[in-house]
$ cat coords_7.txt   # compact mmCIF, C-alpha atoms and all ligand atoms
# COMPACT_ATOMS: atom_id res chain seq x y z
CA MET A 1 16.87 13.14 -13.71
CA ALA A 2 20.26 12.53 -12.12
CA SER A 3 20.05 15.50 -9.74
CA ARG A 4 16.52 14.54 -8.75
CA THR A 5 17.67 11.02 -8.03
CA LYS A 6 20.44 12.35 -5.79
CA ALA A 7 18.04 14.63 -3.97
CA ARG A 8 15.74 11.67 -3.39
CA ALA A 9 18.62 9.55 -2.15
CA ARG A 10 19.48 12.30 0.38
CA SER A 11 15.94 12.59 1.67
CA LYS A 12 15.87 8.80 1.91
CA SER A 13 18.85 8.64 4.22
CA LYS A 14 17.36 11.35 6.48
CA SER A 15 14.15 9.40 6.90
CA LYS A 16 15.96 6.25 7.94
CA PRO A 17 13.53 4.33 10.15
CA LYS A 18 14.27 4.06 13.87
CA PRO A 19 15.10 0.58 15.13
CA ALA A 20 12.04 -1.42 16.11
CA ARG A 21 11.32 -1.29 19.84
CA ARG A 22 10.60 -4.98 19.99
CA PRO A 23 13.09 -7.61 18.84
CA ALA A 24 10.49 -9.44 16.73
CA PRO A 25 8.37 -6.91 14.80
CA ARG A 26 4.90 -8.13 13.89
CA ILE A 27 5.05 -6.50 10.48
CA ALA A 28 8.30 -7.23 8.74
CA VAL A 29 8.02 -4.58 5.98
CA ARG A 30 11.23 -2.91 7.11
CA GLU A 31 13.09 -6.17 7.39
CA ALA A 32 12.06 -7.34 3.95
CA ARG A 33 12.73 -4.06 2.16
CA PRO A 34 16.10 -2.41 2.75
CA ALA A 35 15.67 1.07 4.24
CA LYS A 36 18.19 2.55 1.84
CA ALA A 37 16.90 1.58 -1.60
CA LYS A 38 19.43 1.93 -4.40
CA ALA A 39 18.69 4.58 -7.01
CA ALA A 40 18.13 1.87 -9.61
CA ASP A 41 15.34 0.45 -7.44
CA ARG A 42 13.22 3.46 -8.32
CA ASP A 43 13.76 2.92 -12.04
CA LEU A 44 10.61 1.15 -13.23
CA LEU A 45 12.02 0.18 -16.62
CA ALA A 46 15.22 -1.27 -15.14
CA ARG A 47 13.11 -3.37 -12.79
CA LEU A 48 10.82 -4.56 -15.59
CA ALA A 49 13.87 -5.53 -17.62
CA LYS A 50 14.98 -7.78 -14.74
CA GLY A 51 11.60 -9.32 -13.89
CA ALA A 52 8.10 -8.63 -12.66
CA VAL A 53 6.77 -5.51 -10.98
CA VAL A 54 3.63 -6.02 -8.89
CA CYS A 55 1.22 -3.11 -8.64
CA ALA A 56 -1.78 -3.27 -6.32
CA GLU A 57 -4.77 -1.31 -7.55
CA GLY A 58 -8.45 -1.34 -6.64
CA TYR A 59 -8.23 1.10 -3.72
CA LEU A 60 -11.73 2.46 -4.31
CA PHE A 61 -13.45 -0.92 -4.03
CA GLU A 62 -11.46 -1.93 -0.96
CA LEU A 63 -12.17 1.40 0.78
CA GLU A 64 -15.85 1.00 -0.10
CA ARG A 65 -15.88 -2.45 1.51
CA ARG A 66 -14.18 -1.04 4.61
CA GLY A 67 -16.92 1.61 4.93
CA TYR A 68 -14.95 4.72 3.97
CA LEU A 69 -16.13 5.41 0.43
CA GLN A 70 -19.45 5.57 -1.39
CA ALA A 71 -20.01 3.28 -4.37
CA GLY A 72 -21.49 5.12 -7.33
CA ALA A 73 -19.51 8.34 -7.37
CA PHE A 74 -16.37 6.43 -6.31
CA VAL A 75 -14.56 9.62 -5.32
CA PRO A 76 -12.06 9.05 -2.48
CA GLU A 77 -13.21 11.80 -0.11
CA VAL A 78 -11.61 9.54 2.49
CA LEU A 79 -8.34 11.32 1.63
CA PHE A 80 -9.61 14.24 3.76
CA GLU A 81 -11.86 12.41 6.16
CA HIS A 82 -9.58 9.49 7.13
CA PRO A 83 -6.12 9.84 5.61
CA GLU A 84 -4.83 7.27 8.09
CA VAL A 85 -7.10 4.65 6.49
CA VAL A 86 -5.63 5.36 3.05
CA GLU A 87 -2.12 5.14 4.45
CA GLN A 88 -2.92 1.83 6.14
CA LEU A 89 -4.36 0.42 2.92
CA HIS A 90 -1.18 1.37 1.05
CA MET A 91 0.80 -0.35 3.81
CA ASP A 92 -1.42 -3.43 3.65
CA PHE A 93 -0.81 -3.78 -0.08
CA VAL A 94 2.95 -3.32 0.32
CA HIS A 95 2.95 -5.88 3.14
CA ALA A 96 1.15 -8.23 0.74
CA GLY A 97 3.76 -7.77 -1.99
CA SER A 98 3.03 -4.67 -4.04
CA ASP A 99 6.21 -3.10 -5.47
CA VAL A 100 4.32 0.10 -6.20
CA THR A 101 2.52 2.64 -4.04
CA GLU A 102 0.13 4.36 -6.40
CA ALA A 103 -1.27 7.73 -5.36
CA LEU A 104 -5.03 7.54 -4.90
CA THR A 105 -5.79 10.25 -7.46
CA TYR A 106 -8.12 7.99 -9.44
CA TYR A 107 -11.34 10.02 -9.86
CA VAL A 108 -9.78 13.00 -8.07
CA HIS A 109 -9.89 14.93 -11.34
CA ARG A 110 -11.75 18.17 -12.02
CA GLU A 111 -14.70 16.56 -13.80
CA LYS A 112 -15.39 13.96 -11.11
CA LEU A 113 -15.15 16.56 -8.33
CA ARG A 114 -17.69 18.68 -10.24
CA VAL A 115 -20.08 15.73 -10.18
CA ILE A 116 -19.96 15.65 -6.37
CA GLY A 117 -19.83 19.46 -5.97
CA ARG A 118 -16.27 19.59 -4.58
CA GLU A 119 -14.28 21.19 -7.41
CA LYS A 120 -12.81 23.67 -4.91
CA ASP A 121 -11.06 20.75 -3.20
CA LEU A 122 -9.31 19.63 -6.38
CA VAL A 123 -5.80 20.82 -5.53
CA PRO A 124 -5.66 19.84 -1.83
CA MET A 125 -7.24 16.46 -2.52
CA ASN A 126 -4.66 15.63 -5.20
CA ARG A 127 -1.85 16.84 -2.95
CA ALA A 128 -3.20 14.80 -0.04
CA ALA A 129 -3.26 11.63 -2.15
CA LEU A 130 0.24 12.24 -3.47
CA GLY A 131 1.61 13.08 -0.02
CA ILE A 132 0.22 9.95 1.61
CA ALA A 133 1.46 7.66 -1.17
CA LYS A 134 4.88 9.29 -1.29
CA ALA A 135 5.37 8.87 2.46
CA VAL A 136 4.48 5.17 2.23
CA ALA A 137 6.63 4.65 -0.86
CA ARG A 138 9.68 6.24 0.72
CA LYS A 139 9.16 4.43 4.02
CA THR A 140 8.81 1.03 2.35
CA GLY A 141 11.20 1.39 -0.60
CA THR A 142 8.39 0.89 -3.13
CA LEU A 143 7.99 2.76 -6.39
CA PHE A 144 5.89 5.93 -6.13
CA ALA A 145 3.38 6.24 -8.98
CA GLY A 146 1.14 9.10 -10.06
CA ASP A 147 -2.24 8.22 -11.50
CA LEU A 148 -4.47 9.57 -14.28
CA CYS A 149 -7.70 7.97 -15.44
CA ASN A 150 -10.74 8.16 -17.69
CA THR A 151 -12.39 11.59 -17.57
CA ASN A 152 -15.85 10.43 -18.71
CA ILE A 153 -16.25 13.52 -20.91
CA TYR A 154 -14.12 12.50 -23.90
CA ASP A 155 -16.20 12.60 -27.09
CA PRO A 156 -14.42 12.14 -30.42
CA ALA A 157 -16.91 14.45 -32.17
CA ASP A 158 -16.62 17.25 -29.62
CA LYS A 159 -13.36 19.18 -29.92
CA ALA A 160 -14.17 21.22 -26.84
CA SER A 161 -14.17 18.03 -24.78
CA HIS A 162 -10.62 17.31 -25.96
CA LYS A 163 -9.46 20.68 -24.62
CA GLU A 164 -11.04 19.98 -21.25
CA VAL A 165 -9.57 16.47 -21.13
CA GLU A 166 -6.13 17.94 -21.89
CA ARG A 167 -6.55 20.45 -19.08
CA ILE A 168 -7.57 17.71 -16.62
CA PHE A 169 -4.54 15.59 -17.51
CA ALA A 170 -2.08 18.49 -17.57
CA GLU A 171 -2.97 19.70 -14.09
CA GLN A 172 -2.88 16.22 -12.53
CA VAL A 173 0.47 15.47 -14.21
CA GLY A 174 1.75 18.78 -12.83
CA TRP A 175 0.86 17.96 -9.22
CA ALA A 176 2.29 14.46 -9.50
CA GLU A 177 5.48 15.77 -11.07
CA GLU A 178 5.85 18.31 -8.24
CA ALA A 179 5.51 15.45 -5.77
CA GLY A 180 8.38 13.62 -7.52
CA VAL A 181 6.66 10.47 -8.75
CA ASP A 182 8.90 7.68 -10.05
CA PHE A 183 6.50 6.96 -12.91
CA PHE A 184 2.96 7.57 -14.12
CA VAL A 185 0.02 5.23 -14.48
CA ALA A 186 -2.76 6.36 -16.83
CA GLU A 187 -5.52 3.81 -16.70
CA THR A 188 -9.00 2.52 -17.39
CA PHE A 189 -9.51 4.17 -20.76
CA SER A 190 -12.12 2.81 -23.14
CA TRP A 191 -11.17 5.30 -25.88
CA ALA A 192 -7.60 4.76 -27.15
CA ALA A 193 -7.57 8.40 -28.25
CA GLU A 194 -8.19 9.54 -24.69
CA ALA A 195 -5.33 7.30 -23.50
CA VAL A 196 -3.06 8.99 -26.04
CA LEU A 197 -4.07 12.41 -24.69
CA ALA A 198 -3.05 11.23 -21.20
CA LEU A 199 0.27 9.98 -22.56
CA GLU A 200 0.89 13.27 -24.36
CA ALA A 201 0.26 15.21 -21.15
CA ILE A 202 2.78 13.01 -19.32
CA ARG A 203 5.35 13.38 -22.10
CA LYS A 204 4.88 17.14 -22.23
CA HIS A 205 5.29 17.79 -18.51
CA SER A 206 7.51 14.95 -17.23
CA LYS A 207 10.40 12.68 -18.11
CA ALA A 208 9.09 9.84 -15.92
CA PRO A 209 8.05 6.53 -17.53
CA ALA A 210 4.41 6.09 -18.52
CA VAL A 211 2.30 2.96 -18.01
CA ILE A 212 -0.85 3.30 -20.14
CA THR A 213 -3.65 0.76 -19.77
CA MET A 214 -6.94 0.44 -21.59
CA ALA A 215 -10.01 -1.16 -19.99
CA MET A 216 -12.25 -3.34 -22.14
CA HIS A 217 -15.97 -3.45 -21.56
CA ARG A 218 -18.32 -6.13 -22.95
CA GLU A 219 -17.23 -5.48 -26.55
CA ASP A 220 -13.95 -6.87 -27.88
CA VAL A 221 -13.03 -3.45 -29.25
CA THR A 222 -12.32 -0.02 -27.79
CA ARG A 223 -15.09 2.55 -28.09
CA GLU A 224 -13.60 3.81 -31.37
CA GLY A 225 -13.60 0.23 -32.68
CA LEU A 226 -9.94 -0.82 -32.32
CA SER A 227 -8.87 -4.26 -31.12
CA PRO A 228 -6.99 -3.98 -27.81
CA ALA A 229 -3.82 -5.16 -29.58
CA GLU A 230 -4.14 -2.42 -32.20
CA ALA A 231 -4.95 0.20 -29.55
CA CYS A 232 -1.87 -0.81 -27.53
CA ARG A 233 0.30 -0.81 -30.66
CA ARG A 234 -0.75 2.78 -31.36
CA ILE A 235 -0.18 3.84 -27.75
CA GLU A 236 3.29 2.27 -27.88
CA GLN A 237 4.03 4.18 -31.09
CA ALA A 238 2.87 7.37 -29.38
CA GLY A 239 5.66 6.83 -26.83
CA ALA A 240 4.33 4.78 -23.92
CA ASP A 241 6.87 2.71 -21.97
CA VAL A 242 4.36 0.07 -20.87
CA VAL A 243 0.97 -0.71 -22.47
CA GLY A 244 -1.76 -3.16 -21.61
CA LEU A 245 -5.11 -3.61 -19.92
CA ASN A 246 -6.47 -2.99 -16.45
CA CYS A 247 -9.84 -3.29 -14.75
CA HIS A 248 -13.28 -4.38 -16.05
CA ARG A 249 -12.34 -7.93 -17.07
CA GLY A 250 -11.47 -10.86 -14.85
CA PRO A 251 -8.49 -13.15 -15.52
CA ALA A 252 -10.52 -15.52 -17.71
CA THR A 253 -11.64 -12.86 -20.19
CA ILE A 254 -8.61 -10.58 -20.09
CA MET A 255 -6.00 -13.23 -20.89
CA PRO A 256 -7.00 -13.91 -24.54
CA MET A 257 -6.57 -10.18 -25.17
CA MET A 258 -3.30 -10.06 -23.26
CA ARG A 259 -1.83 -12.75 -25.50
CA GLU A 260 -2.67 -10.68 -28.57
CA ILE A 261 -1.25 -7.52 -27.03
CA ARG A 262 1.99 -9.26 -26.02
CA ALA A 263 2.42 -10.41 -29.62
CA ALA A 264 1.58 -6.98 -31.08
CA VAL A 265 3.99 -4.71 -29.18
CA LYS A 266 7.70 -4.60 -28.38
CA CYS A 267 7.54 -2.62 -25.14
CA HIS A 268 6.70 -3.95 -21.66
CA VAL A 269 3.13 -5.10 -21.15
CA ALA A 270 0.78 -4.61 -18.19
CA ALA A 271 -2.08 -6.87 -17.07
CA LEU A 272 -4.25 -5.89 -14.09
CA PRO A 273 -7.60 -7.73 -14.23
CA VAL A 274 -10.39 -7.40 -11.70
CA PRO A 275 -10.57 -10.43 -9.38
CA TYR A 276 -13.96 -11.59 -10.60
CA ARG A 277 -15.11 -14.71 -12.45
CA THR A 278 -16.12 -13.12 -15.73
CA THR A 279 -17.29 -15.38 -18.56
CA PRO A 280 -17.42 -15.27 -22.38
CA GLY A 281 -21.14 -14.40 -22.11
CA GLU A 282 -20.56 -11.76 -19.41
CA PRO A 283 -16.92 -10.78 -20.00
CA SER A 284 -16.78 -7.60 -17.90
CA PHE A 285 -17.59 -7.10 -14.21
CA MET A 286 -20.23 -4.52 -15.14
CA SER A 287 -22.01 -7.16 -17.25
CA LEU A 288 -22.13 -9.92 -14.60
CA THR A 289 -25.63 -10.91 -13.49
CA ASP A 290 -26.38 -12.88 -10.34
CA PRO A 291 -28.71 -15.89 -10.69
CA CYS A 292 -29.29 -15.81 -6.91
CA SER A 293 -30.70 -12.28 -7.23
CA ASN A 294 -33.15 -12.87 -10.09
CA GLY A 295 -30.45 -12.13 -12.64
CA ALA A 296 -29.85 -8.58 -11.34
CA ARG A 297 -26.70 -6.75 -12.38
CA ALA A 298 -24.08 -7.49 -9.72
CA PHE A 299 -21.97 -4.33 -10.22
CA PRO A 300 -20.84 -2.67 -8.07
CA VAL A 301 -21.89 -3.89 -4.61
CA GLY A 302 -23.26 -7.36 -5.41
CA LEU A 303 -20.07 -8.82 -6.89
CA ASP A 304 -19.11 -10.85 -3.81
CA PRO A 305 -20.30 -14.24 -5.17
CA PHE A 306 -18.01 -13.80 -8.19
CA VAL A 307 -14.74 -13.05 -6.34
CA CYS A 308 -11.75 -15.03 -7.57
CA THR A 309 -9.96 -17.28 -5.13
CA ARG A 310 -6.33 -16.74 -4.25
CA GLN A 311 -5.48 -19.79 -6.37
CA GLU A 312 -7.13 -18.22 -9.42
CA ILE A 313 -5.06 -15.06 -9.00
CA PHE A 314 -1.94 -17.20 -8.46
CA ASP A 315 -2.69 -19.03 -11.73
CA PHE A 316 -3.25 -15.72 -13.53
CA GLY A 317 0.10 -14.38 -12.34
CA ARG A 318 1.97 -17.50 -13.35
CA GLU A 319 0.37 -17.61 -16.79
CA ALA A 320 0.81 -13.90 -17.52
CA TYR A 321 4.45 -13.84 -16.40
CA GLY A 322 5.06 -16.97 -18.47
CA LEU A 323 3.89 -15.05 -21.53
CA GLY A 324 6.45 -12.32 -20.83
CA ILE A 325 4.03 -9.85 -19.22
CA HIS A 326 6.06 -8.20 -16.47
CA TYR A 327 3.85 -5.43 -15.06
CA LEU A 328 1.24 -7.31 -13.07
CA GLY A 329 -1.49 -6.34 -10.65
CA VAL A 330 -5.10 -6.72 -9.67
CA CYS A 331 -7.67 -3.93 -10.00
CA CYS A 332 -11.11 -3.17 -8.50
CA GLY A 333 -12.11 -5.83 -5.98
CA ALA A 334 -8.54 -6.77 -5.06
CA GLY A 335 -7.77 -7.35 -1.43
CA PRO A 336 -4.32 -7.81 0.07
CA HIS A 337 -4.83 -11.60 -0.07
CA HIS A 338 -5.02 -11.38 -3.88
CA ILE A 339 -1.84 -9.32 -4.06
CA ARG A 340 -0.03 -11.84 -1.85
CA ALA A 341 -1.18 -14.68 -4.13
CA LEU A 342 0.07 -12.76 -7.16
CA ALA A 343 3.45 -12.09 -5.53
CA GLU A 344 3.74 -15.75 -4.52
CA SER A 345 2.96 -16.82 -8.09
CA LEU A 346 6.20 -15.05 -9.03
CA GLY A 347 8.13 -17.05 -6.46
CA ARG A 348 8.23 -14.22 -3.92
CA LYS A 349 7.65 -14.24 -0.21
CA PRO A 350 6.34 -10.82 0.83
CA PRO A 351 6.06 -10.15 4.59
CA ALA A 352 2.40 -11.30 4.51
CA SER A 353 3.57 -14.75 3.35
CA ARG A 354 4.46 -15.43 6.97
CA TYR A 355 0.72 -16.03 7.34
CA THR A 356 0.07 -17.96 4.14
CA VAL A 357 -2.21 -20.91 4.86
CA ASP A 358 -0.67 -24.00 6.51
CA MET A 359 -3.35 -26.65 6.98
CA SER A 360 -0.89 -29.04 8.65
CA ARG A 361 -1.75 -27.18 11.87
CA HIS A 362 -5.52 -27.38 11.44
CA ALA A 363 -7.63 -28.89 14.24
CA PHE A 364 -9.22 -31.53 11.98
CA PHE A 365 -7.32 -31.60 8.67
CA GLY A 366 -3.85 -31.14 10.16
CA SER A 367 -0.90 -33.53 9.93
CA ASN A 368 0.92 -32.04 12.94
CA ALA A 369 1.93 -34.70 15.48
CA ARG A 370 -0.22 -33.05 18.14
CA ILE A 371 -3.46 -33.36 16.15
CA ARG A 372 -5.23 -36.29 17.78
CA LYS A 373 -6.77 -39.21 15.97
CA ILE A 374 -10.15 -38.41 17.51
CA GLN A 375 -10.04 -35.21 15.46
CA THR A 376 -8.73 -36.57 12.15
CA ASP A 377 -11.17 -39.51 12.30
CA TYR A 378 -14.00 -36.96 12.32
CA GLN A 379 -12.93 -35.29 9.01
CA SER A 380 -15.58 -36.92 6.87
CA LYS A 381 -18.31 -35.55 9.16
CA LEU A 382 -17.20 -31.92 8.80
ZN ZN B 401 -10.41 -1.11 -11.53

$ encode --input "coords_7.txt" --output "structure tokens"
Amino acid sequence: MASRTKARARSKSKSKPKPARRPAPRIAVREARPAKAKAADRDLLARLAKGAVVCAEGYLFELERRGYLQAGAFVPEVLFEHPEVVEQLHMDFVHAGSDVTEALTYYVHREKLRVIGREKDLVPMNRAALGIAKAVARKTGTLFAGDLCNTNIYDPADKASHKEVERIFAEQVGWAEEAGVDFFVAETFSWAAEAVLALEAIRKHSKAPAVITMAMHREDVTREGLSPAEACRRIEQAGADVVGLNCHRGPATIMPMMREIRAAVKCHVAALPVPYRTTPGEPSFMSLTDPCSNGARAFPVGLDPFVCTRQEIFDFGREAYGLGIHYLGVCCGAGPHHIRALAESLGRKPPASRYTVDMSRHAFFGSNARIRKIQTDYQSKL
């Protein structure tokens, strides 16, 4: 680990950014994050011991909204077609306060590429995702994370599926390890046993820390029938550094489970809900139905009326951190404005906070001395 850290520190100093051409850069990423990050800055566990780590997720949904990815398959072919768009999205999330640049290898595994008939692109697509994320991470001083996810073929009764799942995880861990990730995320599992297979692959092929998160559907138990707290306890015992939940549930229906998980484990805990207004009756974003569309299922492209406000994400961040949950993020549906709200809930001012709302300057609602009475008198008619 030590020699790798030194090698990284050397490559860091070589890629020192050139001075900005203009005296007042529009995007202050470089100002806010020192170009020469200390070695300890890339140590996830040291950072979690000191405070919160913010991790933006939800790349697939945001790229779908921007018109670069098809909902349904949710495979990021954009990595080949428009790598600059992926890079910009990473930059947008860092600008908004993410401490982590996570490689977009979610659903770039062998099984998912078979579904879309692109298995031959497996290796270059993983390397493309890792390369883009690494470049952004090193440029911005953020943590560089590899990513594994649900394979969709795990079946507890089918031993052959376990072998294939192990192969999928082992090869993705290998490419991420080659790229020099600072830690691994393995996420969105609904079988705890599949999450443990991901953890075992990480432990077998890497010394980097592992963040393992389950995703809870409508039921209050994993698909093998474990409570999320029990599932996380077992994953911790299997050697995970951070355990918790991501995706599927919004803040309102993830938090009761997060409290139980925080009480059940000793290690660091992760909470990355989707930014949607889920309810006890419809606790997951896949279960939400829209009364304005004759009760149709809103997932995945009709979720807009359920999007959480920035304030709701701010409140989530404050509550979760108050419980001692240090690894925080927002998953599918998150935009940079949500990540900024989360960062601000932790008392931070990421570069994007320069543009946080200030209604004192508003044409009608403002308190600025230049806002005329003829405007403020008209407020009640707006
Ligand atoms: Zn998600």

$ residues_near_ligand --input "coords_7.txt" --ligand "ligand ZN 401 (chain B)" --cutoff "12 Å" --atoms "all atoms listed in the file" --output "MDAnalysis selection string"
chainID A and resid 56:62 74 106:107 149:150 186:189 213:217 245:250 271:276 284:286 300 329:334

$ residues_near_point --input "coords_7.txt" --point "(-3.1, 19.6, -4.3)" --cutoff "12 Å" --atoms "only C-alpha atoms" --output "number ranges by chain"
A: 79-80, 105, 108-110, 119-132, 171-179

$ residues_around --input "coords_7.txt" --residues "stretch 220-237 of chain A" --least-positions-apart "3" --cutoff "9 Å" --atoms "only C-alpha atoms" --output "number ranges by chain"
A: 156, 189-193, 195-196, 199, 212-217, 240-245, 257-267

$ write_last_selection --input "coords_7.txt" --atoms "C-alpha atoms" --output "PDB file, in the frame of the given file"
ATOM      1  CA  PRO A 156     -14.420  12.140 -30.420  1.00  0.00           C
ATOM      2  CA  PHE A 189      -9.510   4.170 -20.760  1.00  0.00           C
ATOM      3  CA  SER A 190     -12.120   2.810 -23.140  1.00  0.00           C
ATOM      4  CA  TRP A 191     -11.170   5.300 -25.880  1.00  0.00           C
ATOM      5  CA  ALA A 192      -7.600   4.760 -27.150  1.00  0.00           C
ATOM      6  CA  ALA A 193      -7.570   8.400 -28.250  1.00  0.00           C
ATOM      7  CA  ALA A 195      -5.330   7.300 -23.500  1.00  0.00           C
ATOM      8  CA  VAL A 196      -3.060   8.990 -26.040  1.00  0.00           C
ATOM      9  CA  LEU A 199       0.270   9.980 -22.560  1.00  0.00           C
ATOM     10  CA  ILE A 212      -0.850   3.300 -20.140  1.00  0.00           C
ATOM     11  CA  THR A 213      -3.650   0.760 -19.770  1.00  0.00           C
ATOM     12  CA  MET A 214      -6.940   0.440 -21.590  1.00  0.00           C
ATOM     13  CA  ALA A 215     -10.010  -1.160 -19.990  1.00  0.00           C
ATOM     14  CA  MET A 216     -12.250  -3.340 -22.140  1.00  0.00           C
ATOM     15  CA  HIS A 217     -15.970  -3.450 -21.560  1.00  0.00           C
ATOM     16  CA  ALA A 240       4.330   4.780 -23.920  1.00  0.00           C
ATOM     17  CA  ASP A 241       6.870   2.710 -21.970  1.00  0.00           C
ATOM     18  CA  VAL A 242       4.360   0.070 -20.870  1.00  0.00           C
ATOM     19  CA  VAL A 243       0.970  -0.710 -22.470  1.00  0.00           C
ATOM     20  CA  GLY A 244      -1.760  -3.160 -21.610  1.00  0.00           C
ATOM     21  CA  LEU A 245      -5.110  -3.610 -19.920  1.00  0.00           C
ATOM     22  CA  MET A 257      -6.570 -10.180 -25.170  1.00  0.00           C
ATOM     23  CA  MET A 258      -3.300 -10.060 -23.260  1.00  0.00           C
ATOM     24  CA  ARG A 259      -1.830 -12.750 -25.500  1.00  0.00           C
ATOM     25  CA  GLU A 260      -2.670 -10.680 -28.570  1.00  0.00           C
ATOM     26  CA  ILE A 261      -1.250  -7.520 -27.030  1.00  0.00           C
ATOM     27  CA  ARG A 262       1.990  -9.260 -26.020  1.00  0.00           C
ATOM     28  CA  ALA A 263       2.420 -10.410 -29.620  1.00  0.00           C
ATOM     29  CA  ALA A 264       1.580  -6.980 -31.080  1.00  0.00           C
ATOM     30  CA  VAL A 265       3.990  -4.710 -29.180  1.00  0.00           C
ATOM     31  CA  LYS A 266       7.700  -4.600 -28.380  1.00  0.00           C
ATOM     32  CA  CYS A 267       7.540  -2.620 -25.140  1.00  0.00           C
TER      33      CYS A 267
END

$ atom_distance --input "coords_7.txt" --atom1 "atom CA of A:Leu44" --atom2 "atom CA of A:Ala343"
16.9 Å

$ closest_residue --input "coords_7.txt" --among "A:Lys112, A:Val185, A:Glu87, A:Lys159" --to "A:Lys139" --atoms "only C-alpha atoms"
A:Glu87

$ closest_residue --input "coords_7.txt" --among "A:Ala210, A:Ala135, A:Ala160, A:Ala52" --to "A:Gln88" --atoms "only C-alpha atoms"
A:Ala135

$ closest_residue --input "coords_7.txt" --among "A:Glu77, A:Glu84, A:Leu45, A:His95" --to "A:Ala208" --atoms "only C-alpha atoms"
A:Leu45

$ residues_around --input "coords_7.txt" --residues "A:Ala145" --least-positions-apart "2" --cutoff "6 Å" --atoms "only C-alpha atoms" --output "list in words"
Glu102, Val181, Asp182, Phe183 and Phe184 of chain A

$ atom_distance --input "coords_7.txt" --atom1 "atom CA of A:Ala46" --atom2 "atom CA of A:Arg354"
28.4 Å

$ decode --input "coords_7.txt" --residues "stretch 160-164 of chain A" --atoms "all heavy atoms" --output "mmCIF file, in the first residue's frame"
data_model
loop_
_atom_site.group_PDB
_atom_site.id
_atom_site.type_symbol
_atom_site.label_atom_id
_atom_site.label_comp_id
_atom_site.auth_asym_id
_atom_site.auth_seq_id
_atom_site.Cartn_x
_atom_site.Cartn_y
_atom_site.Cartn_z
ATOM 1 N N ALA A 160 -24.590 -22.947 -10.028
ATOM 2 C CA ALA A 160 -23.898 -22.460 -11.228
ATOM 3 C C ALA A 160 -23.976 -20.941 -11.305
ATOM 4 O O ALA A 160 -23.026 -20.278 -11.760
ATOM 5 C CB ALA A 160 -24.509 -23.085 -12.477
ATOM 6 N N SER A 161 -25.083 -20.374 -10.834
ATOM 7 C CA SER A 161 -25.197 -18.907 -10.865
ATOM 8 C C SER A 161 -24.164 -18.281 -9.931
ATOM 9 O O SER A 161 -23.634 -17.209 -10.215
ATOM 10 C CB SER A 161 -26.620 -18.448 -10.510
ATOM 11 O OG SER A 161 -26.862 -18.495 -9.117
ATOM 12 N N HIS A 162 -23.852 -18.952 -8.831
ATOM 13 C CA HIS A 162 -22.863 -18.392 -7.895
ATOM 14 C C HIS A 162 -21.496 -18.290 -8.572
ATOM 15 O O HIS A 162 -20.775 -17.314 -8.389
ATOM 16 C CB HIS A 162 -22.753 -19.253 -6.632
ATOM 17 C CG HIS A 162 -24.063 -19.444 -5.930
ATOM 18 N ND1 HIS A 162 -24.195 -20.153 -4.764
ATOM 19 C CD2 HIS A 162 -25.313 -19.028 -6.241
ATOM 20 C CE1 HIS A 162 -25.463 -20.152 -4.384
ATOM 21 N NE2 HIS A 162 -26.152 -19.482 -5.274
ATOM 22 N N LYS A 163 -21.169 -19.325 -9.337
ATOM 23 C CA LYS A 163 -19.865 -19.331 -10.041
ATOM 24 C C LYS A 163 -19.795 -18.160 -11.025
ATOM 25 O O LYS A 163 -18.773 -17.480 -11.132
ATOM 26 C CB LYS A 163 -19.695 -20.645 -10.823
ATOM 27 C CG LYS A 163 -19.395 -21.826 -9.936
ATOM 28 C CD LYS A 163 -17.893 -21.909 -9.655
ATOM 29 C CE LYS A 163 -17.639 -22.771 -8.432
ATOM 30 N NZ LYS A 163 -16.795 -22.192 -7.424
ATOM 31 N N GLU A 164 -20.893 -17.938 -11.731
ATOM 32 C CA GLU A 164 -20.898 -16.859 -12.722
ATOM 33 C C GLU A 164 -20.840 -15.486 -12.029
ATOM 34 O O GLU A 164 -20.152 -14.581 -12.488
ATOM 35 C CB GLU A 164 -22.135 -16.984 -13.624
ATOM 36 C CG GLU A 164 -22.200 -15.990 -14.760
ATOM 37 C CD GLU A 164 -21.026 -16.057 -15.761
ATOM 38 O OE1 GLU A 164 -20.230 -17.018 -15.689
ATOM 39 O OE2 GLU A 164 -20.900 -15.136 -16.584
#
